[in-house]
Structure formats: C-alpha cells, structure tokens
2 protein chains.
Amino acid sequence: MVQKKISQAVIRRLPRYYRYLRDLLDEGVERISSNELSIRMKVTASQIRQDLNNFGGFGQQGYGYNVQFLYDEIGKILGLDTHHNIIVLGAGNMGQALAKYVNFEKRGFIIIGLFDVNPELIGKEVRRIHIYHMDEIEEFLKSHQVDIAVLTLPKGQAETAADQVVRLGIHAIWNFAHLDLALPKDVVVENVHLSDSLMQLSYNIVKNKTQ
Amino acid sequence: MVQKKISQAVIRRLPRYYRYLRDLLDEGVERISSNELSIRMKVTASQIRQDLNNFGGFGQQGYGYNVQFLYDEIGKILGLDTHHNIIVLGAGNMGQALAKYVNFEKRGFIIIGLFDVNPELIGKEVRRIHIYHMDEIEEFLKSHQVDIAVLTLPKGQAETAADQVVRLGIHAIWNFAHLDLALPKDVVVENVHLSDSLMQLSYNIVKNKTQ
C-alpha cells in the first residue's frame, strides 16, 4: 500500500469508488478504463484519474484499471481488510435495525453486543446478538475487544453513554443520536443525523417548487 | 420570510442551527448572543453572525437573537412549516425502524404507508401504518397526496421502484438504498449511505492509529 498523503476530499469519495468497483466485480468485469468508469459514476474521467493516481502504479494507458487490485487497495486504505468489533448502545428500533442488517458483517463490521436500559429488552437477542444492560458495559469491555460503539440512544442518554465508553477505552463512535458529541480529540466520530438529512431534503423540495 | 438567495453552504448548516435553537427553547432561553451560541455550537461567532444575517432584521447589538423568531424563520426556510406526507418503499428492518420513529412526525413528516413485496409483511401494520403490496402503489398515489418516497429496498429493487414512483409524480426521494439513483433533474434526492459512513469511520480509525 502506497503511504502517500491523501486529501480528505479524495477520502470522502473512496467509499463510492469501492461500491462501484464491487458492482464491477460482481458483474465479472476485470478491467475498466477511466472513461468507462466516468460514465458509470457520473464524474469526469480526469477526476477519476487524479483520485486513483493516489494509489500508484495501475491504470496504464491502453489497459485501464485492474478492478480487483483497485478494489483491494481502496479496501485496505478504508481499513476493510481487518475486522471491527462493534457494540450498539440503544437496542430500540434503530439499534435493532442495524443489528439485523447483515451487509455490515460482510465488510468485516461485526456487532457483538447490544446495550439498553429497558428491562423488557435486556436478555433478549437480535439475530443471536445478546442485549445487555448498560450497567454491564464495563465488564463487557474488559473481556471483549471493541473497536466501534454505535450510539442509537435518545438524546438525553447519548452523551453520558458516549462519555462512559470513551473513558473505558473506545476510540470510535458511530453517532445516530440527535446531538453533537463533545469528546476528546483522539476519538473519531462519524455522525448520521437523520433528521438533518430529512430537513435538507425538505429544503430542496421547497426550493424546487419556487424555482 | 426574506427572499434573499442563500448559499448551499449556509443551507447545509441550517438543520444544525435549528437543532440548537430547539434545545434553547426547551431550556426556556428567549434570547442568545452570537458569542454564547458560538460557544455552544463550537463555531466562530463571526460565522454565526454571517450565517444568520441571511435571515435579516434580528440579532441586534446588545440584545442578541430572539430564539423563537430565529427558530421559526429557519423552520420556514427548511419547509418545516408545512406537513410532508411520506411513503416508505421497503418494510424491512430499516423501513420499519423509520416508521416507528415518532420524532419525524413532530417535525411534520408523516409516514402514511409502507410498501413491500414480502407476502409475510403485506397487510400488517407498523405503529398503525399499513403495509401495502408494491403493486398497490399506483392506486395509492392516485388517492393520496405524497411528497416524499423513502427508499429502503435492497439495491436490486430500489432503482425500479424509484423510477416507478417518479413516473407516478413523486418529486423527492430519501434514499437509503446502497446505490446512486439516476433520476430526472426535477427530482430531489437526499442520500443516506450508511455503509459509506461506516467506511469513512473505519478509514479514520486506521488513520488515527498510524498518526
């Protein structure tokens, strides 16, 4: 893997490349030119060449890109060549939906436990994943390697829970709670603010109508 | 409402302002200075002043912002002063989780029907919302005003379903399916690509470790 510094803008586009390359592999395509990929992805061929140049020695003139190689390299850069153990804090609707979604597992994101405070949920299982009480989290983290905590708790509980797992050594949070977390700099956070996304859509509906 | 043209960058920040202003209202705060808001939101006071200047005559020197007024104005710009009727295509885990989530309703986003092809789901209800067969969609759209279609179908079915509802007059798609939709220009699409978001997190975990 080439250790060149890659800009955040490129990084943000990588999951999309990865997705399209996966489709190509599924279709049995072994190589593709930047022009063909450009048509599929609706970005310019020159952007594709620039982006993929970051990953070095492929994409030769007259050959195009080796799809499998590119897929693997991007996968490595995205950290998808290793497993990530995940716990989900909040076993409500969203937490359970995520736990039931098997596609994350295919990418190496393994949910190993759900946590909640609702007595009706504790002890149950979702797709064989056990629901623990939030009080058991410290014990759990002592005996399990956990890489990512997913936050699907209501706003009021999310902050305390995030602080707690960070104190217990978690360095990555996938945050579905409807708030911005204030956490130490060495903790990486990726937000999925569904309401914000819906409002953005709503704004564009209004704009579309008045144009 | 001021009809000044507002940049996309500002628009993208509006849901976040809206969220913080809601919190302030809930706390009983009637007015706030850009400095106080800046500390809460962790953006510069000058950015806040610039952003909120787009909405005209408030934020006076020595008074600050009238929280309720600002909240209402931003709400109007985001189209939250009207109801949006929503259908969800795909009544699987994610579709059901969204249907069960009552907070969208508080913002005027009302889910009025779920659609699926799974015979085990058809006819059931999720929080009193009926699950119809996908074949019933044309009939449904004739008799109901629908503003937004949410796509939570598997990749293979999502594209056809999106094309169908767009042909039937839907102009806004909230897309959870793991693909980019190719739709007419007058259709607004907002994507929630959860896998992309998880890969972004995964990348930052790797980067964090190697720094």
# chains A, B, ... in the order shown; residues from 1 in each chain; ligands from 1
>>> residues_around(residues="Tyr18 (chain B)", least_positions_apart="2", cutoff="12 Å", atoms="only C-alpha atoms", output="MDAnalysis selection string")
(chainID A and resid 178:179 195:196 199:200) or (chainID B and resid 11:16 20:25 37 41 52 67:78 80 107)
>>> interface_residues(of="chain A", to="chain B", cutoff="6 Å", atoms="only C-alpha atoms", output="MDAnalysis selection string")
chainID A and resid 15 78:79 93:94 97 190 196 201:203 206
>>> residues_around(residues="Asn35 (chain B)", least_positions_apart="5", cutoff="10 Å", atoms="only C-alpha atoms", output="PyMOL selection string")
chain B and resi 40-41+43-46+48-49+64
>>> write_last_selection(atoms="all heavy atoms", output="short mmCIF file (atom, residue, chain, number, x, y, z; two decimals), in the first residue's frame")
data_model
loop_
_atom_site.label_atom_id
_atom_site.label_comp_id
_atom_site.auth_asym_id
_atom_site.auth_seq_id
_atom_site.Cartn_x
_atom_site.Cartn_y
_atom_site.Cartn_z
N ARG B 40 -21.63 27.24 22.42
CA ARG B 40 -22.43 26.01 22.38
C ARG B 40 -22.16 25.19 21.13
O ARG B 40 -22.04 23.98 21.17
CB ARG B 40 -23.91 26.37 22.35
CG ARG B 40 -24.50 26.69 23.69
CD ARG B 40 -26.00 26.54 23.58
NE ARG B 40 -26.62 26.69 24.87
CZ ARG B 40 -27.53 25.86 25.37
NH1 ARG B 40 -27.93 24.82 24.66
NH2 ARG B 40 -28.06 26.04 26.55
N MET B 41 -22.14 25.89 19.99
CA MET B 41 -22.10 25.18 18.71
C MET B 41 -20.69 24.91 18.22
O MET B 41 -20.49 24.23 17.21
CB MET B 41 -22.89 25.96 17.65
CG MET B 41 -24.37 26.04 17.94
SD MET B 41 -25.33 26.80 16.61
CE MET B 41 -25.12 25.63 15.27
N VAL B 43 -18.63 26.86 16.74
CA VAL B 43 -18.23 27.55 15.50
C VAL B 43 -17.97 29.01 15.89
O VAL B 43 -18.39 29.43 16.97
CB VAL B 43 -19.30 27.47 14.39
CG1 VAL B 43 -19.45 26.07 13.86
CG2 VAL B 43 -20.65 27.98 14.90
N THR B 44 -17.29 29.76 15.06
CA THR B 44 -16.95 31.12 15.45
C THR B 44 -18.21 32.00 15.47
O THR B 44 -19.15 31.77 14.71
CB THR B 44 -15.95 31.76 14.48
OG1 THR B 44 -16.57 31.88 13.20
CG2 THR B 44 -14.69 30.93 14.36
N ALA B 45 -18.18 33.01 16.35
CA ALA B 45 -19.30 33.95 16.44
C ALA B 45 -19.46 34.69 15.12
O ALA B 45 -20.58 35.03 14.72
CB ALA B 45 -19.07 34.92 17.59
N SER B 46 -18.36 34.90 14.43
CA SER B 46 -18.46 35.65 13.18
C SER B 46 -19.16 34.81 12.10
O SER B 46 -19.93 35.31 11.30
CB SER B 46 -17.08 36.13 12.72
OG SER B 46 -16.59 35.38 11.66
N ILE B 48 -21.45 32.60 12.77
CA ILE B 48 -22.86 32.62 13.16
C ILE B 48 -23.52 33.92 12.70
O ILE B 48 -24.59 33.91 12.10
CB ILE B 48 -23.00 32.44 14.69
CG1 ILE B 48 -22.67 30.99 15.07
CG2 ILE B 48 -24.40 32.82 15.17
CD1 ILE B 48 -22.73 30.69 16.54
N ARG B 49 -22.82 35.04 12.94
CA ARG B 49 -23.40 36.33 12.53
C ARG B 49 -23.60 36.38 11.01
O ARG B 49 -24.65 36.78 10.52
CB ARG B 49 -22.51 37.49 13.00
CG ARG B 49 -22.73 37.84 14.47
CD ARG B 49 -22.02 39.13 14.87
NE ARG B 49 -20.57 38.99 14.77
CZ ARG B 49 -19.76 38.66 15.78
NH1 ARG B 49 -20.27 38.44 16.98
NH2 ARG B 49 -18.47 38.57 15.61
N GLY B 64 -28.94 40.51 21.12
CA GLY B 64 -28.74 39.13 20.70
C GLY B 64 -29.87 38.68 19.81
O GLY B 64 -30.63 39.50 19.29
#
>>> select_by_dssp(residues="region 27-106 of chain B", states="helix (DSSP H, G or I)", output="number ranges by chain")
B: 34-41, 45-53, 67-77, 93-100, 103-106
>>> residues_around(residues="Ile170 (chain A)", least_positions_apart="5", cutoff="12 Å", atoms="only C-alpha atoms", output="compact mmCIF listing (two decimals) with all heavy atoms, in the first residue's frame")
# COMPACT_ATOMS: atom_id res chain seq x y z
N ASN A 85 -14.87 -5.01 15.68
CA ASN A 85 -15.93 -5.42 16.59
C ASN A 85 -16.72 -4.19 17.03
O ASN A 85 -16.15 -3.15 17.37
CB ASN A 85 -15.35 -6.13 17.81
CG ASN A 85 -14.96 -7.55 17.49
OD1 ASN A 85 -15.40 -8.12 16.49
ND2 ASN A 85 -14.10 -8.13 18.32
N ILE A 86 -18.03 -4.35 17.02
CA ILE A 86 -18.92 -3.23 17.28
C ILE A 86 -19.89 -3.54 18.41
O ILE A 86 -20.37 -4.67 18.51
CB ILE A 86 -19.74 -2.92 16.00
CG1 ILE A 86 -18.81 -2.50 14.86
CG2 ILE A 86 -20.80 -1.87 16.24
CD1 ILE A 86 -19.53 -2.06 13.61
N ILE A 87 -20.14 -2.56 19.27
CA ILE A 87 -21.27 -2.67 20.19
C ILE A 87 -22.27 -1.56 19.83
O ILE A 87 -21.88 -0.51 19.34
CB ILE A 87 -20.87 -2.56 21.68
CG1 ILE A 87 -20.06 -1.27 21.93
CG2 ILE A 87 -20.09 -3.78 22.12
CD1 ILE A 87 -19.83 -0.99 23.40
N ILE A 137 -21.68 -2.77 30.84
CA ILE A 137 -20.77 -2.40 29.76
C ILE A 137 -19.30 -2.44 30.17
O ILE A 137 -18.44 -2.86 29.39
CB ILE A 137 -21.18 -1.01 29.19
CG1 ILE A 137 -20.78 -0.95 27.72
CG2 ILE A 137 -20.60 0.14 29.97
CD1 ILE A 137 -21.57 0.08 26.95
N GLU A 138 -19.01 -2.02 31.39
CA GLU A 138 -17.62 -2.00 31.83
C GLU A 138 -17.05 -3.42 31.83
O GLU A 138 -15.97 -3.67 31.28
CB GLU A 138 -17.51 -1.37 33.23
CG GLU A 138 -16.06 -1.24 33.68
CD GLU A 138 -15.89 -0.23 34.81
OE1 GLU A 138 -16.90 0.36 35.26
OE2 GLU A 138 -14.73 -0.02 35.23
N LEU A 141 -16.51 -4.69 28.28
CA LEU A 141 -15.36 -4.12 27.58
C LEU A 141 -14.04 -4.67 28.12
O LEU A 141 -13.02 -4.66 27.43
CB LEU A 141 -15.37 -2.60 27.67
CG LEU A 141 -16.47 -1.91 26.82
CD1 LEU A 141 -16.46 -0.41 27.03
CD2 LEU A 141 -16.31 -2.23 25.34
N LYS A 142 -14.07 -5.18 29.37
CA LYS A 142 -12.86 -5.80 29.92
C LYS A 142 -12.55 -7.12 29.22
O LYS A 142 -11.41 -7.51 29.06
CB LYS A 142 -13.04 -6.06 31.42
CG LYS A 142 -12.71 -4.84 32.27
CD LYS A 142 -12.86 -5.19 33.76
CE LYS A 142 -12.90 -3.91 34.59
NZ LYS A 142 -13.52 -4.15 35.91
N HIS A 144 -13.88 -8.11 26.11
CA HIS A 144 -14.03 -8.12 24.65
C HIS A 144 -13.25 -6.97 24.03
O HIS A 144 -13.24 -5.87 24.58
CB HIS A 144 -15.51 -7.96 24.25
CG HIS A 144 -16.39 -9.08 24.67
ND1 HIS A 144 -16.89 -9.17 25.94
CD2 HIS A 144 -16.85 -10.16 24.00
CE1 HIS A 144 -17.64 -10.27 26.04
NE2 HIS A 144 -17.63 -10.88 24.88
N GLN A 145 -12.64 -7.26 22.89
CA GLN A 145 -12.00 -6.21 22.10
C GLN A 145 -13.11 -5.50 21.30
O GLN A 145 -13.76 -6.12 20.47
CB GLN A 145 -10.97 -6.87 21.16
CG GLN A 145 -10.52 -6.04 19.97
CD GLN A 145 -9.67 -4.86 20.40
OE1 GLN A 145 -8.97 -4.91 21.41
NE2 GLN A 145 -9.74 -3.77 19.64
N VAL A 146 -13.33 -4.23 21.57
CA VAL A 146 -14.37 -3.49 20.85
C VAL A 146 -13.75 -2.27 20.15
O VAL A 146 -13.02 -1.50 20.77
CB VAL A 146 -15.50 -3.03 21.81
CG1 VAL A 146 -16.50 -2.14 21.08
CG2 VAL A 146 -16.21 -4.23 22.41
N ASP A 147 -14.02 -2.13 18.87
CA ASP A 147 -13.40 -1.06 18.08
C ASP A 147 -14.32 0.15 17.88
O ASP A 147 -13.86 1.27 17.74
CB ASP A 147 -12.98 -1.60 16.71
CG ASP A 147 -12.12 -2.83 16.85
OD1 ASP A 147 -10.99 -2.69 17.37
OD2 ASP A 147 -12.56 -3.94 16.48
N ILE A 148 -15.61 -0.13 17.81
CA ILE A 148 -16.57 0.93 17.50
C ILE A 148 -17.79 0.80 18.40
O ILE A 148 -18.31 -0.29 18.58
CB ILE A 148 -17.03 0.84 16.02
CG1 ILE A 148 -15.85 1.00 15.05
CG2 ILE A 148 -18.11 1.88 15.71
CD1 ILE A 148 -16.19 0.67 13.59
N ALA A 149 -18.24 1.93 18.95
CA ALA A 149 -19.53 1.96 19.64
C ALA A 149 -20.51 2.75 18.79
O ALA A 149 -20.22 3.88 18.37
CB ALA A 149 -19.39 2.59 21.02
N VAL A 150 -21.65 2.14 18.52
CA VAL A 150 -22.71 2.82 17.78
C VAL A 150 -23.68 3.40 18.79
O VAL A 150 -24.10 2.71 19.72
CB VAL A 150 -23.45 1.84 16.85
CG1 VAL A 150 -24.48 2.59 16.01
CG2 VAL A 150 -22.48 1.09 15.96
N ALA A 161 -23.59 8.08 27.88
CA ALA A 161 -23.12 6.78 27.40
C ALA A 161 -21.84 6.92 26.59
O ALA A 161 -20.90 6.13 26.73
CB ALA A 161 -24.21 6.12 26.55
N ALA A 162 -21.77 7.96 25.75
CA ALA A 162 -20.56 8.18 24.94
C ALA A 162 -19.37 8.47 25.85
O ALA A 162 -18.30 7.88 25.68
CB ALA A 162 -20.79 9.34 23.97
N ASP A 163 -19.57 9.35 26.83
CA ASP A 163 -18.50 9.66 27.77
C ASP A 163 -18.01 8.40 28.46
O ASP A 163 -16.81 8.18 28.62
CB ASP A 163 -18.99 10.65 28.83
CG ASP A 163 -19.17 12.05 28.25
OD1 ASP A 163 -18.62 12.32 27.16
OD2 ASP A 163 -19.88 12.87 28.88
N GLN A 164 -18.96 7.56 28.86
CA GLN A 164 -18.61 6.35 29.59
C GLN A 164 -17.75 5.40 28.75
O GLN A 164 -16.69 4.96 29.19
CB GLN A 164 -19.90 5.63 30.03
CG GLN A 164 -19.62 4.48 30.99
CD GLN A 164 -20.86 3.63 31.24
OE1 GLN A 164 -21.90 3.81 30.60
NE2 GLN A 164 -20.75 2.69 32.17
N VAL A 165 -18.19 5.10 27.52
CA VAL A 165 -17.42 4.14 26.72
C VAL A 165 -16.07 4.71 26.30
O VAL A 165 -15.09 3.97 26.18
CB VAL A 165 -18.20 3.61 25.49
CG1 VAL A 165 -19.38 2.76 25.93
CG2 VAL A 165 -18.63 4.71 24.54
N LEU A 183 -16.17 15.20 22.57
CA LEU A 183 -15.31 14.12 23.03
C LEU A 183 -13.84 14.48 22.80
O LEU A 183 -13.53 15.38 22.01
CB LEU A 183 -15.66 12.83 22.27
CG LEU A 183 -17.07 12.27 22.54
CD1 LEU A 183 -17.40 11.15 21.58
CD2 LEU A 183 -17.18 11.78 23.98
N PRO A 184 -12.92 13.78 23.48
CA PRO A 184 -11.50 14.07 23.28
C PRO A 184 -11.10 13.97 21.81
O PRO A 184 -11.72 13.22 21.04
CB PRO A 184 -10.81 12.97 24.11
CG PRO A 184 -11.82 12.52 25.10
CD PRO A 184 -13.15 12.72 24.46
N ASP A 186 -8.76 12.48 20.28
CA ASP A 186 -8.30 11.19 19.73
C ASP A 186 -9.46 10.19 19.52
O ASP A 186 -9.22 9.04 19.18
CB ASP A 186 -7.21 10.58 20.61
CG ASP A 186 -7.73 10.25 22.00
OD1 ASP A 186 -8.73 10.88 22.43
OD2 ASP A 186 -7.16 9.36 22.66
N VAL A 187 -10.68 10.66 19.73
CA VAL A 187 -11.84 9.81 19.45
C VAL A 187 -12.42 10.22 18.09
O VAL A 187 -12.70 11.40 17.87
CB VAL A 187 -12.93 9.98 20.55
CG1 VAL A 187 -14.15 9.13 20.23
CG2 VAL A 187 -12.36 9.63 21.91
N VAL A 188 -12.55 9.26 17.19
CA VAL A 188 -13.13 9.61 15.90
C VAL A 188 -14.64 9.39 15.96
O VAL A 188 -15.13 8.40 16.50
CB VAL A 188 -12.49 8.81 14.73
CG1 VAL A 188 -11.04 9.22 14.54
CG2 VAL A 188 -12.60 7.32 14.93
N VAL A 189 -15.36 10.36 15.41
CA VAL A 189 -16.82 10.32 15.43
C VAL A 189 -17.34 10.48 14.01
O VAL A 189 -16.87 11.34 13.27
CB VAL A 189 -17.41 11.45 16.32
CG1 VAL A 189 -18.93 11.43 16.28
CG2 VAL A 189 -16.90 11.33 17.75
N ILE B 205 -10.36 5.50 11.76
CA ILE B 205 -9.77 4.66 12.81
C ILE B 205 -8.34 4.28 12.42
O ILE B 205 -7.41 4.39 13.22
CB ILE B 205 -10.64 3.39 13.04
CG1 ILE B 205 -11.98 3.77 13.64
CG2 ILE B 205 -9.90 2.39 13.94
CD1 ILE B 205 -12.97 2.60 13.71
>>> decode(residues="region 76-201 of chain B", atoms="C-alpha atoms", output="mmCIF file, in the first residue's frame")
data_model
loop_
_atom_site.group_PDB
_atom_site.id
_atom_site.type_symbol
_atom_site.label_atom_id
_atom_site.label_comp_id
_atom_site.auth_asym_id
_atom_site.auth_seq_id
_atom_site.Cartn_x
_atom_site.Cartn_y
_atom_site.Cartn_z
ATOM 1 C CA LYS B 76 -39.902 28.119 7.297
ATOM 2 C CA ILE B 77 -36.822 28.141 5.090
ATOM 3 C CA LEU B 78 -36.392 24.417 5.702
ATOM 4 C CA GLY B 79 -40.017 23.850 4.732
ATOM 5 C CA LEU B 80 -40.942 22.679 8.224
ATOM 6 C CA ASP B 81 -43.985 24.952 8.474
ATOM 7 C CA THR B 82 -45.960 22.540 6.275
ATOM 8 C CA HIS B 83 -46.723 18.839 6.510
ATOM 9 C CA HIS B 84 -44.989 16.343 4.259
ATOM 10 C CA ASN B 85 -46.701 13.063 3.536
ATOM 11 C CA ILE B 86 -44.258 10.209 3.203
ATOM 12 C CA ILE B 87 -44.382 6.666 1.893
ATOM 13 C CA VAL B 88 -41.675 4.130 2.692
ATOM 14 C CA LEU B 89 -40.752 1.646 -0.018
ATOM 15 C CA GLY B 90 -39.356 -1.372 1.772
ATOM 16 C CA ALA B 91 -40.890 -2.501 5.060
ATOM 17 C CA GLY B 92 -37.815 -4.408 6.223
ATOM 18 C CA ASN B 93 -35.715 -3.538 9.261
ATOM 19 C CA MET B 94 -34.783 -0.019 8.236
ATOM 20 C CA GLY B 95 -38.212 0.829 6.810
ATOM 21 C CA GLN B 96 -39.907 -0.328 9.998
ATOM 22 C CA ALA B 97 -37.397 1.486 12.208
ATOM 23 C CA LEU B 98 -38.135 4.737 10.372
ATOM 24 C CA ALA B 99 -41.883 4.119 10.613
ATOM 25 C CA LYS B 100 -41.607 3.600 14.370
ATOM 26 C CA TYR B 101 -39.592 6.750 14.887
ATOM 27 C CA VAL B 102 -42.112 9.313 16.132
ATOM 28 C CA ASN B 103 -39.813 12.323 16.086
ATOM 29 C CA PHE B 104 -40.150 12.801 12.348
ATOM 30 C CA GLU B 105 -43.858 13.304 12.863
ATOM 31 C CA LYS B 106 -43.228 16.097 15.342
ATOM 32 C CA ARG B 107 -41.449 17.948 12.525
ATOM 33 C CA GLY B 108 -44.382 17.432 10.155
ATOM 34 C CA PHE B 109 -43.045 14.397 8.294
ATOM 35 C CA ILE B 110 -45.953 11.963 8.342
ATOM 36 C CA ILE B 111 -45.499 8.402 7.111
ATOM 37 C CA ILE B 112 -48.818 7.354 5.607
ATOM 38 C CA GLY B 113 -47.924 3.999 4.065
ATOM 39 C CA LEU B 114 -45.295 1.279 3.834
ATOM 40 C CA PHE B 115 -44.796 -0.859 0.734
ATOM 41 C CA ASP B 116 -43.104 -4.191 0.257
ATOM 42 C CA VAL B 117 -43.278 -7.357 -1.839
ATOM 43 C CA ASN B 118 -42.785 -9.802 1.042
ATOM 44 C CA PRO B 119 -46.137 -11.660 1.459
ATOM 45 C CA GLU B 120 -45.432 -12.084 5.181
ATOM 46 C CA LEU B 121 -45.457 -8.327 5.656
ATOM 47 C CA ILE B 122 -48.337 -7.231 3.409
ATOM 48 C CA GLY B 123 -51.449 -6.314 5.385
ATOM 49 C CA LYS B 124 -49.609 -5.891 8.665
ATOM 50 C CA GLU B 125 -49.215 -2.580 10.429
ATOM 51 C CA VAL B 126 -46.291 -0.751 11.989
ATOM 52 C CA ARG B 127 -47.428 1.835 14.516
ATOM 53 C CA ARG B 128 -50.838 1.777 12.783
ATOM 54 C CA ILE B 129 -49.214 2.410 9.402
ATOM 55 C CA HIS B 130 -50.439 -0.133 6.882
ATOM 56 C CA ILE B 131 -48.027 -2.237 4.793
ATOM 57 C CA TYR B 132 -49.237 -2.429 1.185
ATOM 58 C CA HIS B 133 -48.009 -4.525 -1.686
ATOM 59 C CA MET B 134 -45.745 -2.657 -4.104
ATOM 60 C CA ASP B 135 -48.337 -3.397 -6.802
ATOM 61 C CA GLU B 136 -50.810 -1.160 -4.977
ATOM 62 C CA ILE B 137 -48.610 1.894 -5.249
ATOM 63 C CA GLU B 138 -50.171 3.435 -8.364
ATOM 64 C CA GLU B 139 -53.643 3.187 -6.846
ATOM 65 C CA PHE B 140 -52.365 4.610 -3.563
ATOM 66 C CA LEU B 141 -50.711 7.607 -5.212
ATOM 67 C CA LYS B 142 -53.933 8.414 -7.083
ATOM 68 C CA SER B 143 -55.857 8.773 -3.844
ATOM 69 C CA HIS B 144 -53.169 10.246 -1.559
ATOM 70 C CA GLN B 145 -51.032 13.350 -1.693
ATOM 71 C CA VAL B 146 -47.468 12.088 -1.238
ATOM 72 C CA ASP B 147 -44.479 14.428 -1.043
ATOM 73 C CA ILE B 148 -41.572 12.122 -0.272
ATOM 74 C CA ALA B 149 -40.780 8.489 -1.019
ATOM 75 C CA VAL B 150 -38.249 6.840 1.271
ATOM 76 C CA LEU B 151 -36.259 4.045 -0.364
ATOM 77 C CA THR B 152 -35.147 1.291 1.997
ATOM 78 C CA LEU B 153 -35.292 -1.517 -0.543
ATOM 79 C CA PRO B 154 -32.380 -3.808 -1.402
ATOM 80 C CA LYS B 155 -30.159 -2.442 -4.158
ATOM 81 C CA GLY B 156 -31.635 -4.749 -6.803
ATOM 82 C CA GLN B 157 -35.201 -3.470 -6.318
ATOM 83 C CA ALA B 158 -34.501 0.146 -5.418
ATOM 84 C CA GLU B 159 -33.858 1.527 -8.889
ATOM 85 C CA THR B 160 -37.049 0.141 -10.457
ATOM 86 C CA ALA B 161 -39.122 1.325 -7.512
ATOM 87 C CA ALA B 162 -37.618 4.811 -7.682
ATOM 88 C CA ASP B 163 -38.282 5.040 -11.426
ATOM 89 C CA GLN B 164 -41.855 3.910 -10.849
ATOM 90 C CA VAL B 165 -42.770 6.431 -8.162
ATOM 91 C CA VAL B 166 -41.074 9.240 -10.072
ATOM 92 C CA ARG B 167 -43.125 8.334 -13.143
ATOM 93 C CA LEU B 168 -46.187 8.474 -10.900
ATOM 94 C CA GLY B 169 -45.374 12.024 -9.855
ATOM 95 C CA ILE B 170 -43.123 11.819 -6.782
ATOM 96 C CA HIS B 171 -40.502 14.580 -6.802
ATOM 97 C CA ALA B 172 -38.483 13.823 -3.682
ATOM 98 C CA ILE B 173 -36.618 10.680 -2.664
ATOM 99 C CA TRP B 174 -34.917 9.963 0.648
ATOM 100 C CA ASN B 175 -32.597 7.196 -0.446
ATOM 101 C CA PHE B 176 -31.237 4.609 1.991
ATOM 102 C CA ALA B 177 -30.510 2.078 -0.757
ATOM 103 C CA HIS B 178 -26.871 1.380 -1.399
ATOM 104 C CA LEU B 179 -26.741 2.919 -4.880
ATOM 105 C CA ASP B 180 -26.790 6.269 -6.644
ATOM 106 C CA LEU B 181 -30.093 6.922 -8.366
ATOM 107 C CA ALA B 182 -30.226 8.253 -11.909
ATOM 108 C CA LEU B 183 -33.381 10.369 -11.905
ATOM 109 C CA PRO B 184 -34.703 13.420 -13.785
ATOM 110 C CA LYS B 185 -33.250 16.765 -12.728
ATOM 111 C CA ASP B 186 -36.502 17.975 -11.156
ATOM 112 C CA VAL B 187 -36.443 15.142 -8.616
ATOM 113 C CA VAL B 188 -34.621 15.996 -5.408
ATOM 114 C CA VAL B 189 -32.701 13.157 -3.803
ATOM 115 C CA GLU B 190 -31.093 13.034 -0.396
ATOM 116 C CA ASN B 191 -28.872 10.020 0.199
ATOM 117 C CA VAL B 192 -28.202 8.234 3.476
ATOM 118 C CA HIS B 193 -25.477 5.775 2.563
ATOM 119 C CA LEU B 194 -24.878 4.049 5.892
ATOM 120 C CA SER B 195 -22.135 1.776 4.571
ATOM 121 C CA ASP B 196 -20.248 4.748 3.143
ATOM 122 C CA SER B 197 -20.496 6.431 6.523
ATOM 123 C CA LEU B 198 -19.199 3.330 8.298
ATOM 124 C CA MET B 199 -16.255 3.081 5.866
ATOM 125 C CA GLN B 200 -15.432 6.720 6.499
ATOM 126 C CA LEU B 201 -15.331 5.928 10.213
#
